[in-house]
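As provided, final17.cif (mmCIF, C-alpha atoms and all ligand atoms) reads as follows.
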```cif
data_my_file
#
loop_
_atom_site.label_atom_id
_atom_site.label_comp_id
_atom_site.auth_asym_id
_atom_site.auth_seq_id
_atom_site.Cartn_x
_atom_site.Cartn_y
_atom_site.Cartn_z
CA MET E 1 -48.56 123.62 -62.18
CA THR E 2 -46.57 126.81 -61.86
CA ALA E 3 -43.13 126.94 -60.30
CA THR E 4 -42.81 127.53 -56.56
CA LYS E 5 -39.96 128.79 -54.45
CA ALA E 6 -39.29 125.21 -53.35
CA SER E 7 -39.51 123.66 -56.82
CA VAL E 8 -37.00 126.23 -58.14
CA LEU E 9 -34.63 125.50 -55.28
CA ALA E 10 -34.90 121.78 -56.01
CA ARG E 11 -33.83 122.41 -59.63
CA ILE E 12 -30.94 124.60 -58.49
CA LYS E 13 -29.77 121.70 -56.32
CA GLU E 14 -30.18 119.32 -59.24
CA TYR E 15 -28.18 121.68 -61.48
CA ASP E 16 -25.37 121.66 -58.90
CA GLN E 17 -25.52 117.88 -58.61
CA ILE E 18 -25.47 116.88 -62.25
CA GLY E 19 -23.66 119.94 -63.62
CA LYS E 20 -24.62 122.58 -66.14
CA GLU E 21 -24.11 120.46 -69.23
CA GLN E 22 -26.28 117.57 -68.05
CA PHE E 23 -28.93 119.88 -66.71
CA LEU E 24 -29.25 121.76 -69.98
CA LYS E 25 -29.33 118.47 -71.88
CA ARG E 26 -32.11 117.24 -69.63
CA TYR E 27 -34.29 120.35 -69.68
CA ALA E 28 -33.22 122.75 -72.41
CA SER E 29 -32.20 120.59 -75.38
CA GLY E 30 -28.60 121.40 -74.41
CA ARG E 31 -28.93 125.10 -75.12
CA SER E 32 -27.40 127.50 -72.62
CA ALA E 33 -28.57 130.97 -71.65
CA LYS E 34 -27.19 133.95 -73.52
CA SER E 35 -27.96 136.75 -71.13
CA TYR E 36 -30.57 135.84 -68.52
CA TYR E 37 -29.25 134.39 -65.28
CA LEU E 38 -30.55 133.55 -61.87
CA ILE E 39 -28.04 134.19 -59.08
CA TYR E 40 -27.89 131.84 -56.15
CA ASN E 41 -25.00 131.48 -53.67
CA SER E 42 -22.50 133.32 -55.91
CA LYS E 43 -23.37 131.21 -58.93
CA TYR E 44 -24.95 131.96 -62.27
CA TYR E 45 -27.73 129.60 -63.38
CA ASP E 46 -29.40 129.51 -66.77
CA LEU E 47 -32.59 131.31 -65.88
CA LYS E 48 -35.02 130.03 -68.45
CA ALA E 49 -33.94 126.41 -68.11
CA ILE E 50 -34.25 126.52 -64.32
CA TYR E 51 -37.65 128.14 -64.52
CA ALA E 52 -39.08 125.78 -67.12
CA ALA E 53 -37.73 122.75 -65.26
CA SER E 54 -39.29 123.97 -62.03
CA LYS E 55 -42.80 123.53 -63.35
CA ASN E 56 -44.78 120.41 -62.74
CA PRO E 57 -44.48 118.77 -65.17
CA PRO E 58 -41.36 120.52 -66.54
CA THR E 59 -41.88 122.45 -69.75
CA LYS E 60 -39.52 123.32 -72.59
CA PRO E 61 -37.74 126.68 -72.03
CA SER E 62 -38.78 127.98 -75.43
CA GLU E 63 -42.44 128.09 -74.41
CA LYS E 64 -41.98 131.21 -72.36
CA ASN E 65 -39.78 134.16 -73.11
CA SER E 66 -36.89 135.12 -70.87
CA ARG E 67 -38.48 138.30 -69.58
CA ASP E 68 -41.56 136.53 -68.30
CA SER E 69 -39.46 133.82 -66.66
CA LYS E 70 -37.31 136.46 -64.98
CA TYR E 71 -40.41 138.24 -63.74
CA GLU E 72 -41.90 135.04 -62.30
CA LEU E 73 -38.65 134.11 -60.56
CA GLU E 74 -38.33 137.56 -59.04
CA GLU E 75 -41.89 137.27 -57.79
CA LEU E 76 -40.74 134.14 -55.96
CA GLY E 77 -37.93 136.14 -54.35
CA TYR E 78 -34.99 135.07 -56.51
CA VAL E 79 -32.27 137.42 -57.72
CA CYS E 80 -31.98 137.55 -61.50
CA ILE E 81 -29.80 139.54 -63.83
CA ILE E 82 -29.46 140.26 -67.50
CA ASP E 83 -25.79 140.09 -68.34
CA LYS E 84 -25.12 140.19 -72.04
CA ASP E 85 -21.37 140.57 -71.60
CA GLU E 86 -20.98 137.48 -69.45
CA ASP E 87 -18.39 135.69 -71.55
CA LYS E 88 -16.71 138.74 -73.01
CA LYS E 89 -15.65 140.02 -69.60
CA GLU E 90 -12.66 138.72 -67.74
CA TYR E 91 -13.63 136.12 -65.21
CA ASN E 92 -12.38 138.19 -62.27
CA GLU E 93 -14.34 141.20 -63.29
CA GLY E 94 -17.47 139.11 -63.80
CA GLU E 95 -17.00 137.65 -60.33
CA ARG E 96 -16.50 141.11 -58.92
CA ARG E 97 -19.65 142.47 -60.44
CA LEU E 98 -21.60 139.45 -59.31
CA THR E 99 -20.33 139.89 -55.76
CA GLU E 100 -21.23 143.56 -55.91
CA VAL E 101 -24.74 142.75 -57.10
CA GLN E 102 -25.18 140.24 -54.30
CA ILE E 103 -23.85 142.46 -51.54
CA LEU E 104 -26.03 145.32 -52.64
CA THR E 105 -29.06 143.08 -53.08
CA ARG E 106 -28.64 141.82 -49.53
CA ASN E 107 -28.33 145.38 -48.26
CA LYS E 108 -31.34 147.24 -49.59
CA GLY E 109 -31.12 149.61 -46.61
CA LEU E 110 -27.56 150.48 -47.53
CA VAL E 111 -28.53 151.30 -51.09
CA ALA E 112 -31.31 153.52 -49.78
CA ALA E 113 -28.86 155.23 -47.39
CA ALA E 114 -26.36 155.87 -50.21
CA LYS E 115 -29.09 157.37 -52.37
CA GLU E 116 -30.21 159.49 -49.45
CA LYS E 117 -26.64 160.69 -48.88
CA TYR E 118 -25.69 161.42 -52.49
CA LYS E 119 -29.15 162.01 -53.99
CA SER E 120 -29.39 161.07 -57.65
CA ILE E 121 -26.21 162.80 -58.76
CA CYS E 122 -23.36 160.77 -60.31
CA ARG E 123 -20.14 161.17 -58.30
CA ALA E 124 -18.00 160.94 -61.42
CA CYS E 125 -19.73 163.05 -64.09
CA ASP E 126 -22.25 165.03 -61.99
CA PHE E 127 -25.17 163.84 -64.09
CA ASP E 128 -28.31 164.55 -62.08
CA PHE E 129 -31.11 162.09 -62.82
CA SER E 130 -33.86 164.03 -61.10
CA LYS E 131 -32.84 167.30 -62.71
CA PHE E 132 -32.69 165.75 -66.17
CA TYR E 133 -35.62 163.33 -66.02
CA GLY E 134 -37.74 164.94 -63.33
CA GLU E 135 -39.82 162.73 -61.04
CA ILE E 136 -38.97 159.39 -62.67
CA GLY E 137 -35.23 160.05 -62.28
CA ILE E 138 -35.34 160.20 -58.48
CA GLY E 139 -33.42 157.28 -56.97
CA PHE E 140 -32.37 155.96 -60.36
CA ILE E 141 -28.67 156.25 -59.57
CA GLU E 142 -26.62 153.01 -59.17
CA CYS E 143 -24.61 151.91 -56.15
CA HIS E 144 -20.94 151.01 -56.57
CA HIS E 145 -18.81 149.19 -54.00
CA LEU E 146 -15.52 151.00 -53.35
CA ASN E 147 -13.44 148.33 -51.63
CA PRO E 148 -11.32 145.78 -53.47
CA ILE E 149 -13.97 143.13 -53.75
CA SER E 150 -11.40 140.34 -53.69
CA LYS E 151 -11.38 140.89 -49.93
CA VAL E 152 -15.15 140.91 -49.73
CA THR E 153 -17.30 137.84 -50.24
CA PRO E 154 -21.07 137.66 -50.53
CA LYS E 155 -21.08 136.31 -46.97
CA SER E 156 -19.02 139.19 -45.53
CA PRO E 157 -20.74 141.38 -42.96
CA PRO E 158 -22.87 144.18 -44.38
CA VAL E 159 -20.89 147.12 -45.71
CA THR E 160 -21.42 150.67 -44.46
CA VAL E 161 -22.53 153.63 -46.49
CA ASP E 162 -18.92 154.88 -46.55
CA GLU E 163 -17.89 151.82 -48.54
CA VAL E 164 -20.17 152.60 -51.46
CA THR E 165 -20.70 155.48 -53.81
CA VAL E 166 -23.25 156.29 -56.46
CA LEU E 167 -22.67 156.43 -60.21
CA CYS E 168 -24.85 156.94 -63.25
CA SER E 169 -25.36 153.84 -65.40
CA ASN E 170 -22.75 154.96 -67.95
CA CYS E 171 -20.03 155.78 -65.44
CA HIS E 172 -20.75 152.55 -63.58
CA ARG E 173 -20.13 150.56 -66.77
CA MET E 174 -17.00 152.58 -67.42
CA VAL E 175 -15.35 151.94 -64.03
CA HIS E 176 -16.03 148.25 -64.53
CA THR E 177 -14.21 148.10 -67.86
CA SER E 178 -11.02 147.21 -65.99
CA SER E 179 -10.11 144.86 -63.21
CA PRO E 180 -9.80 146.02 -60.51
CA PRO E 181 -12.28 148.77 -61.37
CA LEU E 182 -11.11 152.31 -62.05
CA THR E 183 -11.40 154.56 -59.04
CA VAL E 184 -13.96 157.33 -59.23
CA GLU E 185 -11.07 159.83 -59.17
CA ALA E 186 -9.44 158.12 -62.15
CA LEU E 187 -12.67 158.20 -64.12
CA LYS E 188 -13.16 161.86 -63.25
CA ALA E 189 -9.67 162.59 -64.58
CA LEU E 190 -10.47 160.72 -67.81
CA ILE E 191 -13.71 162.67 -68.24
CA ALA E 192 -11.86 165.95 -67.69
CA ALA E 193 -9.12 164.99 -70.15
CA ALA E 194 -11.67 163.98 -72.79
CA LYS E 195 -13.45 167.32 -72.38
CA ILE E 196 -10.22 169.22 -73.00
CA SER E 197 -9.24 167.23 -76.08
CA ASN E 198 -12.72 167.64 -77.58
ZN ZN E 201 -21.77 159.53 -64.49
ZN ZN E 202 -19.72 148.79 -59.36
#
```
Can the structure in the file be given as C-alpha cells, please?
Amino acid sequence: MTATKASVLARIKEYDQIGKEQFLKRYASGRSAKSYYLIYNSKYYDLKAIYAASKNPPTKPSEKNSRDSKYELEELGYVCIIDKDEDKKEYNEGERRLTEVQILTRNKGLVAAAKEKYKSICRACDFDFSKFYGEIGIGFIECHHLNPISKVTPKSPPVTVDEVTVLCSNCHRMVHTSSPPLTVEALKALIAAAKISN
C-alpha cells in the first residue's frame, strides 16, 4: 500500500515520540538523510525514512530514490526541501532559513504579490530572469524575508509584501552566508566593490 497523508503524519508523530536515532534504527538501518528533508512544525525530518516507513507494510528507504519520495510527499501536501548544507551552516542561520521557507510556503499569495511588484528582477544585482531566459524565466525569482527572523516564528501572522523582497538564486544564497543575513544594500555595495576591483 502506498503512503497516505495520515500514514505519513503517524510516522512523524512516531519520530517525535521515539526520537530521530531510534526512528532511523527502526526504519532506515540507522542511516540519516544527507540532503532531503520533510518540514513539519519547524522541524526537519529525514524524508526518505519517513516516506518508506509510511507505507503499509513499511519498506526499506533504499528501495526508492530520494527524488521520487520527495515528489510523492509533495503530492500528499507536505513541504520538502533539499538542503545539502544542513550541517555546515550555523544552527541559527539554518533555523532562519527554515523559518523563511515556512513563512513563505504558508503565504503563497504574498510570494505572488512580491513577484508582481518586483517582476523577475533581482533587487541586489539587477539580473532579469525573463530578459535572460525568456518565457521560462518569468516568476523564477526568489522571495527573501527582510525582518530579523528571530522576532518572527512560523506561527506569526502573515507578513506583508513590504516585509519581503526578491533576489536571484545566487544573491539569495549570498545574503544567507552570514547570520543575521546581509542586507540587500550591503550586498549591493559588495557587488559594486567587486566590480571596481575586477
Ligand atoms: Zn542577484
Ligand atoms: Zn532569504
So that each row is one residue of chain E with an atom at most 9 Å from ligand ZN 202 (chain E), can you give its shortest atom pair and the distance in Å to one decimal, using only C-alpha atoms and all ligand atoms, rows by chain and rising number, as JSON lines?
```
{"residue": "E:Arg96", "atom": "CA", "partner": "E:ZN202", "partner_atom": "ZN", "distance": 8.3}
{"residue": "E:Arg97", "atom": "CA", "partner": "E:ZN202", "partner_atom": "ZN", "distance": 6.4}
{"residue": "E:Glu100", "atom": "CA", "partner": "E:ZN202", "partner_atom": "ZN", "distance": 6.4}
{"residue": "E:Val101", "atom": "CA", "partner": "E:ZN202", "partner_atom": "ZN", "distance": 8.2}
{"residue": "E:Glu142", "atom": "CA", "partner": "E:ZN202", "partner_atom": "ZN", "distance": 8.1}
{"residue": "E:Cys143", "atom": "CA", "partner": "E:ZN202", "partner_atom": "ZN", "distance": 6.6}
{"residue": "E:His144", "atom": "CA", "partner": "E:ZN202", "partner_atom": "ZN", "distance": 3.8}
{"residue": "E:His145", "atom": "CA", "partner": "E:ZN202", "partner_atom": "ZN", "distance": 5.5}
{"residue": "E:Leu146", "atom": "CA", "partner": "E:ZN202", "partner_atom": "ZN", "distance": 7.7}
{"residue": "E:Val164", "atom": "CA", "partner": "E:ZN202", "partner_atom": "ZN", "distance": 8.8}
{"residue": "E:Thr165", "atom": "CA", "partner": "E:ZN202", "partner_atom": "ZN", "distance": 8.7}
{"residue": "E:Val166", "atom": "CA", "partner": "E:ZN202", "partner_atom": "ZN", "distance": 8.8}
{"residue": "E:Leu167", "atom": "CA", "partner": "E:ZN202", "partner_atom": "ZN", "distance": 8.2}
{"residue": "E:His172", "atom": "CA", "partner": "E:ZN202", "partner_atom": "ZN", "distance": 5.7}
{"residue": "E:Arg173", "atom": "CA", "partner": "E:ZN202", "partner_atom": "ZN", "distance": 7.6}
{"residue": "E:Val175", "atom": "CA", "partner": "E:ZN202", "partner_atom": "ZN", "distance": 7.1}
{"residue": "E:His176", "atom": "CA", "partner": "E:ZN202", "partner_atom": "ZN", "distance": 6.4}
{"residue": "E:Pro181", "atom": "CA", "partner": "E:ZN202", "partner_atom": "ZN", "distance": 7.7}
```
Counting all atoms listed in the file, closest pick from E:Gln102, E:Thr160, E:Ser120, E:Asn198 relative to ligand ZN 201 (chain E) is E:Ser120
Counting only C-alpha atoms and all ligand atoms, which residues in chain E sit no more than 7 Å from ligand ZN 201 (chain E)? For each one, give the nearest pair of atoms and the distance in Å, sorted by chain then residue number, as a Markdown table.
```
| residue | atom | partner | partner_atom | distance |
| --- | --- | --- | --- | --- |
| E:Cys122 | CA | E:ZN201 | ZN | 4.6 |
| E:Arg123 | CA | E:ZN201 | ZN | 6.6 |
| E:Ala124 | CA | E:ZN201 | ZN | 5.1 |
| E:Cys125 | CA | E:ZN201 | ZN | 4.1 |
| E:Asp126 | CA | E:ZN201 | ZN | 6.1 |
| E:Phe127 | CA | E:ZN201 | ZN | 5.5 |
| E:Leu167 | CA | E:ZN201 | ZN | 5.4 |
| E:Cys168 | CA | E:ZN201 | ZN | 4.2 |
| E:Ser169 | CA | E:ZN201 | ZN | 6.8 |
| E:Asn170 | CA | E:ZN201 | ZN | 5.8 |
| E:Cys171 | CA | E:ZN201 | ZN | 4.2 |
```
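Between CA of Tyr44 (chain E) and CA of Ala113 (chain E) the interatomic distance comes to 27.9 Å.
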Could you tell me how far CA of Tyr37 (chain E) lies from CA of Ile81 (chain E), in Å and to one decimal? 5.4 Å
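Here CA of Ile12 (chain E) stands at a distance of 27.8 Å from CA of Val111 (chain E).
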Would you list the contacts of region 108-110 of chain E as a JSON list (two decimals) with C-alpha atoms, in the coordinates of the input, taking every protein, DNA or RNA residue within 10 Å and counting only C-alpha atoms, but skipping same-chain residues closer than 4 positions in sequence?
```
[["chain", "number", "residue", "atom", "x", "y", "z"],
["E", 103, "ILE", "CA", -23.85, 142.46, -51.54],
["E", 104, "LEU", "CA", -26.03, 145.32, -52.64],
["E", 114, "ALA", "CA", -26.36, 155.87, -50.21],
["E", 115, "LYS", "CA", -29.09, 157.37, -52.37],
["E", 116, "GLU", "CA", -30.21, 159.49, -49.45],
["E", 143, "CYS", "CA", -24.61, 151.91, -56.15],
["E", 158, "PRO", "CA", -22.87, 144.18, -44.38],
["E", 159, "VAL", "CA", -20.89, 147.12, -45.71],
["E", 160, "THR", "CA", -21.42, 150.67, -44.46],
["E", 161, "VAL", "CA", -22.53, 153.63, -46.49],
["E", 162, "ASP", "CA", -18.92, 154.88, -46.55],
["E", 163, "GLU", "CA", -17.89, 151.82, -48.54],
["E", 164, "VAL", "CA", -20.17, 152.60, -51.46]]
```
Which neighbours of Gly77 (chain E) fall inside 12 Å, counting all atoms listed in the file, when residues of the same chain fewer than 2 positions from it are skipped, and could you give them as JSON, numbers by chain? {"E": [4, 5, 6, 8, 9, 38, 39, 40, 70, 71, 72, 73, 74, 75, 79, 80, 105, 106]}
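Restricting the calculation to all atoms listed in the file, the smallest distance between Ser29 (chain E) and any of E:Thr59, E:Thr183, E:Thr2, E:Gln17 is found for E:Thr59.
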Return the single residue from E:Ala3, E:Ala52, E:Ile141, E:Ile82 that is closest to Ala112 (chain E), with distances computed using only C-alpha atoms. E:Ile141
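Distances from E:Lys55, E:Lys131, E:Lys48, E:Lys195 to Met1 (chain E) were compared using only C-alpha atoms, and the smallest one belongs to E:Lys55.
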So that all listed atoms of region 194-197 of chain E fit with 8 Å spare on each side, what axis-aligned box centre and edge lengths in Å, to one decimal, would you give as AutoDock Vina command-line options?
```
--center_x -11.3 --center_y 166.6 --center_z -74.2 --size_x 20.2 --size_y 21.2 --size_z 19.7
```
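Residue nearest Ser66 (chain E), chosen from E:Tyr78, E:Leu187, E:Ser35, E:Ser54 and counting all atoms listed in the file: E:Ser35.
Residue nearest Asp68 (chain E) within the list E:Ser130, E:Ile191, E:Tyr36, E:Ile121: E:Tyr36 [criterion: smallest interatomic distance, only C-alpha atoms].
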Selected region 98-142 of chain E, written as a short mmCIF file (atom, residue, chain, number, x, y, z; two decimals), in the first residue's frame, N, CA and C atoms:
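Wrote selection.cif, looks like this:
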```
data_model
loop_
_atom_site.label_atom_id
_atom_site.label_comp_id
_atom_site.auth_asym_id
_atom_site.auth_seq_id
_atom_site.Cartn_x
_atom_site.Cartn_y
_atom_site.Cartn_z
N LEU E 98 14.94 28.04 7.53
CA LEU E 98 13.79 27.14 7.65
C LEU E 98 12.54 27.96 7.92
N THR E 99 12.65 28.92 8.85
CA THR E 99 11.50 29.77 9.17
C THR E 99 11.06 30.54 7.95
N GLU E 100 12.04 31.04 7.20
CA GLU E 100 11.72 31.78 5.99
C GLU E 100 10.96 30.90 5.00
N VAL E 101 11.46 29.70 4.81
CA VAL E 101 10.80 28.76 3.90
C VAL E 101 9.36 28.52 4.34
N GLN E 102 9.18 28.33 5.64
CA GLN E 102 7.83 28.03 6.14
C GLN E 102 6.88 29.20 5.98
N ILE E 103 7.38 30.39 6.34
CA ILE E 103 6.52 31.58 6.24
C ILE E 103 6.10 31.79 4.80
N LEU E 104 7.06 31.65 3.91
CA LEU E 104 6.75 31.90 2.51
C LEU E 104 5.88 30.79 1.93
N THR E 105 6.07 29.57 2.42
CA THR E 105 5.23 28.47 1.94
C THR E 105 3.78 28.66 2.38
N ARG E 106 3.62 29.20 3.58
CA ARG E 106 2.26 29.43 4.09
C ARG E 106 1.59 30.62 3.40
N ASN E 107 2.41 31.46 2.76
CA ASN E 107 1.88 32.68 2.17
C ASN E 107 2.13 32.74 0.66
N LYS E 108 1.53 31.80 -0.04
CA LYS E 108 1.73 31.74 -1.48
C LYS E 108 1.27 33.03 -2.15
N GLY E 109 0.21 33.64 -1.61
CA GLY E 109 -0.32 34.89 -2.16
C GLY E 109 0.69 36.01 -2.03
N LEU E 110 1.41 36.01 -0.91
CA LEU E 110 2.42 37.03 -0.67
C LEU E 110 3.57 36.89 -1.67
N VAL E 111 3.98 35.68 -1.90
CA VAL E 111 5.05 35.44 -2.87
C VAL E 111 4.62 35.94 -4.26
N ALA E 112 3.37 35.64 -4.59
CA ALA E 112 2.84 36.09 -5.88
C ALA E 112 2.81 37.61 -5.95
N ALA E 113 2.42 38.26 -4.84
CA ALA E 113 2.34 39.72 -4.78
C ALA E 113 3.73 40.34 -4.94
N ALA E 114 4.73 39.73 -4.28
CA ALA E 114 6.10 40.25 -4.37
C ALA E 114 6.62 40.13 -5.80
N LYS E 115 6.30 39.03 -6.44
CA LYS E 115 6.74 38.83 -7.82
C LYS E 115 6.05 39.81 -8.75
N GLU E 116 4.79 40.08 -8.44
CA GLU E 116 4.02 41.03 -9.22
C GLU E 116 4.64 42.43 -9.08
N LYS E 117 5.02 42.76 -7.83
CA LYS E 117 5.55 44.09 -7.53
C LYS E 117 6.94 44.30 -8.15
N TYR E 118 7.80 43.30 -8.00
CA TYR E 118 9.20 43.48 -8.42
C TYR E 118 9.53 42.80 -9.74
N LYS E 119 8.54 42.10 -10.32
CA LYS E 119 8.78 41.32 -11.54
C LYS E 119 9.89 40.29 -11.27
N SER E 120 10.60 39.90 -12.32
CA SER E 120 11.61 38.86 -12.07
C SER E 120 13.01 39.44 -12.09
N ILE E 121 13.14 40.62 -11.49
CA ILE E 121 14.44 41.30 -11.48
C ILE E 121 15.03 41.31 -10.06
N CYS E 122 16.25 40.80 -9.93
CA CYS E 122 16.91 40.73 -8.62
C CYS E 122 17.15 42.13 -8.07
N ARG E 123 16.78 42.36 -6.81
CA ARG E 123 16.92 43.67 -6.20
C ARG E 123 18.37 43.99 -5.82
N ALA E 124 19.22 43.01 -5.86
CA ALA E 124 20.62 43.26 -5.50
C ALA E 124 21.51 43.43 -6.73
N CYS E 125 21.38 42.53 -7.71
CA CYS E 125 22.31 42.58 -8.86
C CYS E 125 21.63 42.95 -10.17
N ASP E 126 20.30 43.16 -10.12
CA ASP E 126 19.53 43.56 -11.31
C ASP E 126 19.42 42.46 -12.37
N PHE E 127 19.80 41.26 -12.04
CA PHE E 127 19.62 40.17 -13.01
C PHE E 127 18.13 40.02 -13.33
N ASP E 128 17.83 39.96 -14.60
CA ASP E 128 16.43 39.88 -15.02
C ASP E 128 16.17 38.51 -15.65
N PHE E 129 15.48 37.66 -14.90
CA PHE E 129 15.24 36.28 -15.36
C PHE E 129 14.48 36.22 -16.69
N SER E 130 13.46 37.06 -16.83
CA SER E 130 12.67 36.93 -18.05
C SER E 130 13.42 37.49 -19.26
N LYS E 131 14.26 38.51 -19.01
CA LYS E 131 15.04 39.05 -20.11
C LYS E 131 16.08 38.02 -20.56
N PHE E 132 16.71 37.38 -19.59
CA PHE E 132 17.80 36.47 -19.89
C PHE E 132 17.30 35.12 -20.40
N TYR E 133 16.27 34.58 -19.76
CA TYR E 133 15.82 33.23 -20.11
C TYR E 133 14.54 33.22 -20.95
N GLY E 134 13.94 34.40 -21.15
CA GLY E 134 12.69 34.44 -21.88
C GLY E 134 11.54 33.90 -21.04
N GLU E 135 10.60 33.26 -21.71
CA GLU E 135 9.36 32.79 -21.08
C GLU E 135 9.57 31.97 -19.80
N ILE E 136 10.52 31.04 -19.82
CA ILE E 136 10.67 30.16 -18.65
C ILE E 136 11.24 30.88 -17.43
N GLY E 137 11.78 32.10 -17.65
CA GLY E 137 12.36 32.84 -16.52
C GLY E 137 11.34 33.65 -15.74
N ILE E 138 10.13 33.80 -16.30
CA ILE E 138 9.12 34.62 -15.64
C ILE E 138 8.73 33.99 -14.30
N GLY E 139 8.81 34.79 -13.23
CA GLY E 139 8.40 34.31 -11.91
C GLY E 139 9.42 33.43 -11.23
N PHE E 140 10.61 33.32 -11.80
CA PHE E 140 11.60 32.40 -11.25
C PHE E 140 12.34 32.99 -10.04
N ILE E 141 12.19 34.28 -9.85
CA ILE E 141 12.88 34.99 -8.78
C ILE E 141 12.50 34.42 -7.39
N GLU E 142 13.41 34.53 -6.40
CA GLU E 142 13.11 34.00 -5.06
C GLU E 142 12.72 35.12 -4.09
#
```
